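Asks: Could you have a look at this structure, given as structure tokens, before my questions?
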2 protein chains.
Amino acid sequence: MWDVAEELKAMLVFAEHRYYGKSLPFGANSFKDSRHLNFLTSEQALADFGELIKHLKRTIPGAANQPVIALGGSYGGMLAAWFRMKYPHVVAGALAASAPIWQFEDLVPCGVFMEIVTTDFRKSGPNCSESIRSSWDAINRLTRTGTGLHWLSEALHLCTPLTNSQDVQRLKDWISETWVNLAMVDYPYKSDFLQLLPAWPIKVVCQYLRNPHVSDTQLLQNIFQALNVYHNYSGQARCLNMSEIATRSLGTLGWSYQACTEMVMPFCTNGIDDMFEPHLWDLKEFSDDCFKQWGVKPRPSWITTMYGGKNISSHTNIIFSNGDLDPWSGGGVTKNITDTLVAITIPEGAHHLDLRANNALDPETLLLARSLEVKYMKQWIRDFYASLRKTH
Amino acid sequence: MWDVAEELKAMLVFAEHRYYGKSLPFGANSFKDSRHLNFLTSEQALADFGELIKHLKRTIPGAANQPVIALGGSYGGMLAAWFRMKYPHVVAGALAASAPIWQFEDLVPCGVFMEIVTTDFRKSGPNCSESIRSSWDAINRLTRTGTGLHWLSEALHLCTPLTNSQDVQRLKDWISETWVNLAMVDYPYKSDFLQLLPAWPIKVVCQYLRNPHVSDTQLLQNIFQALNVYHNYSGQARCLNMSEIATRSLGTLGWSYQACTEMVMPFCTNGIDDMFEPHLWDLKEFSDDCFKQWGVKPRPSWITTMYGGKNISSHTNIIFSNGDLDPWSGGGVTKNITDTLVAITIPEGAHHLDLRANNALDPETLLLARSLEVKYMKQWIRDFYASLRKTH
């Protein structure tokens, strides 16, 4: 965005979403209970952006008659797309990068996300995904005994030793999430979006996972090396902490509440098309957990009612960009819907790679995608001024 | 709608707006305080309609893949237009009859509403609007004394006699509202929308108001005859009741709250371009009154932020119909915005005349308007099925 802003003579505005970062409507009490959380919805966030842009146009000299373009990645990309849909009078267009607007209800198969993660690992080294697929049973077998629990805690250098089967489930979830995160940030150069990581981190991980047909203990020692790439690339960590998954706060608390109200995303695995332990999507279980944690129950179909699901062809001027490596592309728009609702795919791209700063190692397909994005934006800007001239 | 439904093989659904009629979310407590009223917004009403249509499509055999068209008059017309804007995936188009979507902020001059009322009276009989313009000062002069108050109470057959200057203000407001309502329902045939009324009721009213240059007492006796047309056309009323303005409950309580939150419509008069006593639009005064009555303060620019004000050209498939006699046409869309955002004006039409049942006395311009509306609807339906075929 910094690179392109100059070319488009644009002002960049980063609007913080309510209930994230410093935008806490009730200060320290904002997450206290569902009464205080009632105002945390995507609609309210979009309304904030509407008010903010009006305010900026009113108060910044020269801003009044300038076009505005919404940009965002991930949830921010969904918001960018939805903002153009609901407030087309406020923004001339939107770049929705890696925005899984269809990761709801049954708009896409619930397994597609983990299948993409698996594909990334399968393609990044021989036997890599098979090794991971084998690792779950190895963990299950080893942790049947107290000695095994102790051995595994040591082998994985866990900061807190495993003591029971709940800990083992937490461990497996944490390892799964590590693979998922690696798929999201499988960038072609050193980066530190979720963690400090080498270029093409999955390739590095997969160097340790070339042989699935070894003993359980050997396999899990290999898994430790692989986990280490993500959790301890700097080499500074003395142990691996299962309660940490990313170096930066991405607002997990706020998102957890949103996932329990509007943002109900069904995920599942079957262990065949993916490298994970089979797990059905269980709305009832999910809903009960939400009620326990937040005192609310999710509305799984509300997002589709509100934002149209797959019936969005009457909208205009939205770019949906997706990287083929990104598991979130499974719930994204990867084919053109109309001439002005267009999809751009980046074969070698992970999660919203196009929104990152220019880099010497950017693949050719990314450069093409970026220049296409700028071309569309310039068209929106031209159309905006043309309609302005028509009005006056 | 009944007439056209048959032609279009349509099902008619009348969705009741929350907080109106029987749709009281907290039963008898719904209007208790602002906490209970918090859920009375146009956005929430639109969301209800979205959920309702989804429910109907899911539960009524054969309804799933049928197009839906939103229809409404007045506030209902605004909702119909806004519904198509915000939920184009739910409705293929909208007929917004007499929908004053621009009666907000400074989108139209605040005086235009009362100017149209005045024009209706001026054109319905010689000296008619002049007589009304003269009547306010006549009332002011007469009511300076106790005898005058008593005389006027008798002359106007008021159920409750006037006792002070506050009563006099209420009287003038009530008379003004009578003229406004007559302008809204100045239909070409006997009707009973707000009150039981003769055909072209303003013409009947104006028969009593041909001479503005008479004594104050004579003028007000004439005004009484004129008021009688609206308030006692049946001849059954033994006195005129200033606390009644329409025979039916149109949900004045709910609207009063909505006017104090979202629906802030500036109105003003200057006594020159209109036949009323001059009255500036005073947001501060309005806001203070709202706070007194409901404990809330209005957000005068929110509707424009949310629904786009005059910048709505990116939307499609909305018909804005307006009658030239209707004071609400002043805040309506009376010129085409694009090929698919079209205005239909009915020169001899009052408030949403086009939504009323067919009548032998319907003017030719109304018949034309209705057939044009049906033509657009058929186009939306054709387009809907065409895009359905394209998807499958």
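By convention here, the chains of the structure tokens are called A, B, ... in the order presented, each chain's residues are numbered starting at 1, and ligands are numbered starting at 1 in the order presented.
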Up to 6 Å from chain A, what residues of chain B turn up? Count only C-alpha atoms and give them as JSON, numbers by chain.

Replies: {"B": [86, 89, 308, 311]}

Asks: Which residues are near Pro212 of chain A? Cut-off 10 Å, only C-alpha atoms, ignore same chain within fewer than 4 positions. Put them as a list in words.

Replies: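 Contacts, with the query itself left out: Pro126, Asn127, Cys128, Ser129, Glu130, Ser131, Ile132, Arg133, Ser134, Ser135, Asp216, Gln218, Leu219 and Asn222 of chain A.
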
Asks: What's the separation between atom CA of Leu280 of chain A and atom CA of Asp173 of chain A, in Å to one decimal place?

Replies: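 Calculated distance between atom CA of Leu280 of chain A and atom CA of Asp173 of chain A is 14.5 Å.
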
Asks: Using only C-alpha atoms, determine which residues lie at most 6 Å from Asn317 of chain A, disregarding the query and same-chain residues fewer than 6 positions distant; provide the list as a ChimeraX atom specification.

Replies: /A:93,340-341

Asks: May I have the residues from that selection written out with all heavy atoms, as a PDB file, in the first residue's frame?

Replies:
ATOM      1  N   GLY A  93     -14.321   1.657  -4.671  1.00  0.00           N
ATOM      2  CA  GLY A  93     -13.993   0.262  -4.933  1.00  0.00           C
ATOM      3  C   GLY A  93     -13.275  -0.329  -3.746  1.00  0.00           C
ATOM      4  O   GLY A  93     -12.977   0.380  -2.770  1.00  0.00           O
ATOM      5  N   THR A 340     -16.746  -6.320 -13.168  1.00  0.00           N
ATOM      6  CA  THR A 340     -16.270  -5.400 -12.131  1.00  0.00           C
ATOM      7  C   THR A 340     -16.167  -6.064 -10.757  1.00  0.00           C
ATOM      8  O   THR A 340     -15.838  -5.406  -9.773  1.00  0.00           O
ATOM      9  CB  THR A 340     -17.181  -4.159 -12.027  1.00  0.00           C
ATOM     10  OG1 THR A 340     -18.481  -4.607 -11.639  1.00  0.00           O
ATOM     11  CG2 THR A 340     -17.273  -3.411 -13.352  1.00  0.00           C
ATOM     12  N   LEU A 341     -16.470  -7.342 -10.695  1.00  0.00           N
ATOM     13  CA  LEU A 341     -16.232  -8.137  -9.475  1.00  0.00           C
ATOM     14  C   LEU A 341     -15.251  -9.207  -9.883  1.00  0.00           C
ATOM     15  O   LEU A 341     -15.634 -10.286 -10.331  1.00  0.00           O
ATOM     16  CB  LEU A 341     -17.507  -8.815  -8.992  1.00  0.00           C
ATOM     17  CG  LEU A 341     -18.528  -8.058  -8.185  1.00  0.00           C
ATOM     18  CD1 LEU A 341     -19.509  -9.042  -7.558  1.00  0.00           C
ATOM     19  CD2 LEU A 341     -17.909  -7.186  -7.117  1.00  0.00           C
TER      20      LEU A 341
END

Asks: So how far away is atom CA of Gly21 of chain A from atom CA of Ala81 of chain A, in Å?

Replies: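 It comes out at 22.0 Å.
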
Asks: Between atom CA of Trp200 of chain B and atom CA of Ala343 of chain B, what is the spacing in Å?

Replies: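 Computed distance, atom CA of Ala343 of chain B to atom CA of Trp200 of chain B, equals 24.5 Å.
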
Asks: Need the shell around segment 348-363 of chain B: protein/DNA/RNA residues with any atom at most 6 Å away, counting only C-alpha atoms. Skip same-chain ones fewer than 6 positions apart. Format as a ChimeraX atom specification?

Replies: /B:73,97-98,184-186,323-326

Asks: Per DSSP on the backbone, filter segment 185-229 of chain B down to the residues in alpha helix (DSSP H) and report them as number ranges by chain.

Replies: B: 201-206, 216-229

Asks: Determine the nearest neighbour of Phe224 of chain A from the options A:Tyr208, A:Phe39, A:Phe104, A:Phe49, counting only C-alpha atoms.

Replies: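 Closest to Phe224 of chain A of all the choices is A:Tyr208.
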
Asks: Near segment 138-151 of chain A, counting only C-alpha atoms, which residues have an atom at most 8 Å away, once you skip same-chain residues fewer than 5 positions from it, shown as a list in words?

Replies: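 Skipping anything fewer than 5 positions along the chain leaves Pro161, Leu162, Thr163, Asn164, Ser165, Val168, Asp216, Thr217, Leu219 and Leu220 of chain A.
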
Asks: Just all heavy atoms for this one: save the residues we selected as a tab-separated table (two decimals), in the first residue's frame.

Replies:
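Output contents, as saved in out31.tsv:
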chain	number	residue	atom	x	y	z
A	161	PRO	N	5.26	-29.32	31.13
A	161	PRO	CA	5.14	-30.73	30.76
A	161	PRO	C	3.68	-31.17	30.62
A	161	PRO	O	2.79	-30.63	31.29
A	161	PRO	CB	5.81	-31.47	31.92
A	161	PRO	CG	6.33	-30.45	32.86
A	161	PRO	CD	5.87	-29.11	32.45
A	162	LEU	N	3.46	-32.16	29.75
A	162	LEU	CA	2.14	-32.74	29.57
A	162	LEU	C	1.82	-33.63	30.76
A	162	LEU	O	2.67	-34.39	31.21
A	162	LEU	CB	2.12	-33.60	28.30
A	162	LEU	CG	2.62	-32.93	27.01
A	162	LEU	CD1	2.87	-33.97	25.93
A	162	LEU	CD2	1.62	-31.89	26.54
A	163	THR	N	0.59	-33.53	31.29
A	163	THR	CA	0.27	-34.37	32.44
A	163	THR	C	-0.97	-35.24	32.20
A	163	THR	O	-1.18	-36.21	32.92
A	163	THR	CB	0.01	-33.52	33.70
A	163	THR	OG1	-1.04	-32.58	33.40
A	163	THR	CG2	1.26	-32.76	34.11
A	164	ASN	N	-1.80	-34.93	31.24
A	164	ASN	CA	-3.02	-35.74	31.06
A	164	ASN	C	-3.48	-35.67	29.59
A	164	ASN	O	-2.86	-34.99	28.76
A	164	ASN	CB	-4.12	-35.25	32.00
A	164	ASN	CG	-4.39	-33.75	31.82
A	164	ASN	OD1	-4.33	-33.25	30.69
A	164	ASN	ND2	-4.66	-33.05	32.90
A	165	SER	N	-4.58	-36.33	29.32
A	165	SER	CA	-5.04	-36.45	27.93
A	165	SER	C	-5.53	-35.10	27.37
A	165	SER	O	-5.48	-34.85	26.18
A	165	SER	CB	-6.14	-37.50	27.82
A	165	SER	OG	-7.27	-37.08	28.56
A	168	VAL	N	-2.63	-33.44	26.02
A	168	VAL	CA	-2.25	-34.04	24.74
A	168	VAL	C	-3.11	-33.46	23.62
A	168	VAL	O	-2.62	-33.14	22.54
A	168	VAL	CB	-2.38	-35.58	24.80
A	168	VAL	CG1	-2.12	-36.19	23.43
A	168	VAL	CG2	-1.41	-36.15	25.84
A	216	ASP	N	8.18	-44.09	16.39
A	216	ASP	CA	7.41	-42.97	16.93
A	216	ASP	C	8.31	-41.92	17.54
A	216	ASP	O	8.13	-40.71	17.35
A	216	ASP	CB	6.42	-43.47	18.00
A	216	ASP	CG	5.27	-44.28	17.39
A	216	ASP	OD1	5.15	-44.27	16.14
A	216	ASP	OD2	4.52	-44.90	18.16
A	217	THR	N	9.30	-42.37	18.31
A	217	THR	CA	10.16	-41.40	19.00
A	217	THR	C	11.00	-40.62	17.99
A	217	THR	O	11.14	-39.41	18.10
A	217	THR	CB	11.07	-42.10	20.02
A	217	THR	OG1	11.73	-43.19	19.37
A	217	THR	CG2	10.27	-42.61	21.21
A	219	LEU	N	10.19	-40.04	14.86
A	219	LEU	CA	9.27	-39.15	14.13
A	219	LEU	C	9.00	-37.90	14.93
A	219	LEU	O	9.01	-36.78	14.41
A	219	LEU	CB	7.96	-39.89	13.83
A	219	LEU	CG	6.91	-39.10	13.03
A	219	LEU	CD1	7.46	-38.66	11.66
A	219	LEU	CD2	5.62	-39.91	12.84
A	220	LEU	N	8.80	-38.06	16.24
A	220	LEU	CA	8.46	-36.89	17.05
A	220	LEU	C	9.67	-36.02	17.33
A	220	LEU	O	9.53	-34.80	17.50
A	220	LEU	CB	7.73	-37.32	18.32
A	220	LEU	CG	6.29	-37.73	17.94
A	220	LEU	CD1	5.65	-38.59	19.01
A	220	LEU	CD2	5.45	-36.50	17.63
